[in-house]
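What follows is a set of notes on a single structure, which appears directly below.
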Amino acid sequence: MKIPVNTSAAKPRRERPKPVKLTEVAAARLQEIMAGADGKYLGLRVGVTNGGCAGMSYTMAYAEDTKPFEEVMEDKGVKIFIDPKAILFLIGTELDFVQEKLGARFIFKNPNQTSACGCGESVQITPAQEV
């Protein structure tokens, strides 16, 4: 005998929030860089490291492989690899790309960042708290 299954009671699975999001401009620049790399890179690796006068610095590098325990996500067609030790420091971060008179750069807009040093190379970040 078949038991009827009530599919209307099943809740749709909620998508897990992305720890890092890209602006349209950042995604376009990263796609342009990746296209020029002839498949050498899988995506962008981001993280944080201890150091600098404010205590921490953001890190960015091309990802040529996947490291153990890394968070791998995709946003706007770009794969992002996140160091597992950096996740709590990066939750809610938006990565942008800005062009200025004398150059262009990627910038991290992080709600967990509490201060930055005068030179702009290091930051102070508190881990994200539960809501």
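Chains: A, B, ... in order of the structure tokens. Residues: from 1 per chain. Ligands: from 1, in order shown.
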Original post:
Do you know which residues are at most 8 Å from Thr114 (chain A) counting only C-alpha atoms, after dropping those on the same chain fewer than 4 positions away, and could you put them as a list in words?
Top reply: Val123, Gln124, Ile125 and Thr126 of chain A
Original post:
Counting only C-alpha atoms, what is within 7 Å of region 55-70 of chain A, bar same-chain residues fewer than 5 positions away, as a PyMOL selection string?
Top reply: chain A and resi 40-50+81-84+121-124
For the residues in the current selection, export C-alpha atoms as a JSON list (two decimals), in the first residue's frame.
```json
[["chain", "number", "residue", "atom", "x", "y", "z"],
["A", 40, "LYS", "CA", 44.69, 29.47, -15.24],
["A", 41, "TYR", "CA", 42.60, 30.68, -12.28],
["A", 42, "LEU", "CA", 39.44, 29.20, -10.77],
["A", 43, "GLY", "CA", 38.43, 32.43, -9.09],
["A", 44, "LEU", "CA", 39.33, 34.88, -6.34],
["A", 45, "ARG", "CA", 40.64, 33.90, -2.89],
["A", 46, "VAL", "CA", 39.87, 36.36, -0.06],
["A", 47, "GLY", "CA", 40.71, 36.36, 3.61],
["A", 48, "VAL", "CA", 42.20, 38.33, 6.46],
["A", 49, "THR", "CA", 45.60, 38.13, 8.09],
["A", 50, "ASN", "CA", 47.02, 39.44, 11.35],
["A", 81, "PHE", "CA", 37.23, 31.07, -2.18],
["A", 82, "ILE", "CA", 37.20, 32.13, 1.48],
["A", 83, "ASP", "CA", 39.67, 31.06, 4.15],
["A", 84, "PRO", "CA", 37.66, 29.27, 6.87],
["A", 121, "GLU", "CA", 46.56, 49.18, 4.69],
["A", 122, "SER", "CA", 45.26, 47.59, 7.88],
["A", 123, "VAL", "CA", 41.94, 47.46, 9.70],
["A", 124, "GLN", "CA", 40.40, 46.42, 12.96]]
```
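Pairwise distance (CA of Gly52 (chain A), CA of Ala116 (chain A)) equals 9.9 Å.
The space separating CA of Phe89 (chain A) from CA of Gly77 (chain A) comes to 23.2 Å.
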**OP:** Would you work out the distance separating CA of Gly92 (chain A) from CA of Pro19 (chain A), expressed in Å to one decimal?
**Re:** 5.5 Å
**OP:** Could you give me, as a VMD selection string, each residue of region 6-125 of chain A that DSSP assigns to strand (DSSP E or B) when run on this structure's backbone?
**Re:** chain A and resid 20 to 22 43 to 50 56 to 63 71 to 75 78 to 82 93 to 100 103 to 109 113 to 116 123 to 125
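Among the candidates A:Lys79, A:Gly51, A:Ser115, A:Phe108, the one nearest to Thr23 (chain A) when counting only C-alpha atoms is A:Phe108.
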Original post:
From the list A:Asn110, A:Val78, A:Lys101, A:Ile91, which residue is nearest Ile33 (chain A) when using only C-alpha atoms?
Top reply: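 Of A:Asn110, A:Val78, A:Lys101, A:Ile91, the one nearest Ile33 (chain A) is A:Val78, counting only C-alpha atoms.
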**OP:** Would you list, as JSON, numbers by chain, the residues of chain A that end up in helix (DSSP H, G or I) under DSSP run on this structure's backbone?
**Re:** {"A": [7, 8, 9, 24, 25, 26, 27, 28, 29, 30, 31, 32, 33, 34, 35, 87, 88, 89, 90]}
For the residues in the current selection, export C-alpha atoms as an mmCIF file, in the first residue's frame.
```
data_model
loop_
_atom_site.group_PDB
_atom_site.id
_atom_site.type_symbol
_atom_site.label_atom_id
_atom_site.label_comp_id
_atom_site.auth_asym_id
_atom_site.auth_seq_id
_atom_site.Cartn_x
_atom_site.Cartn_y
_atom_site.Cartn_z
ATOM 1 C CA THR A 7 4.166 17.927 -0.566
ATOM 2 C CA SER A 8 2.464 21.194 0.389
ATOM 3 C CA ALA A 9 3.771 20.783 3.946
ATOM 4 C CA GLU A 24 28.440 44.771 -10.512
ATOM 5 C CA VAL A 25 31.622 46.765 -11.210
ATOM 6 C CA ALA A 26 33.822 44.391 -9.160
ATOM 7 C CA ALA A 27 32.279 41.328 -10.802
ATOM 8 C CA ALA A 28 32.829 42.785 -14.286
ATOM 9 C CA ARG A 29 36.485 43.588 -13.522
ATOM 10 C CA LEU A 30 37.123 40.129 -12.042
ATOM 11 C CA GLN A 31 35.465 38.440 -15.040
ATOM 12 C CA GLU A 32 37.693 40.520 -17.326
ATOM 13 C CA ILE A 33 40.805 39.473 -15.380
ATOM 14 C CA MET A 34 39.782 35.801 -15.376
ATOM 15 C CA ALA A 35 39.024 35.858 -19.108
ATOM 16 C CA ILE A 87 34.491 33.741 7.486
ATOM 17 C CA LEU A 88 33.314 35.384 10.739
ATOM 18 C CA PHE A 89 35.325 38.514 9.916
ATOM 19 C CA LEU A 90 33.944 38.795 6.365
#
```
Subject >> Using only C-alpha atoms: which of A:Gly103, A:Val72, A:Pro127, A:Gly36 has the shortest distance to Val20 (chain A) >> reply: A:Val72
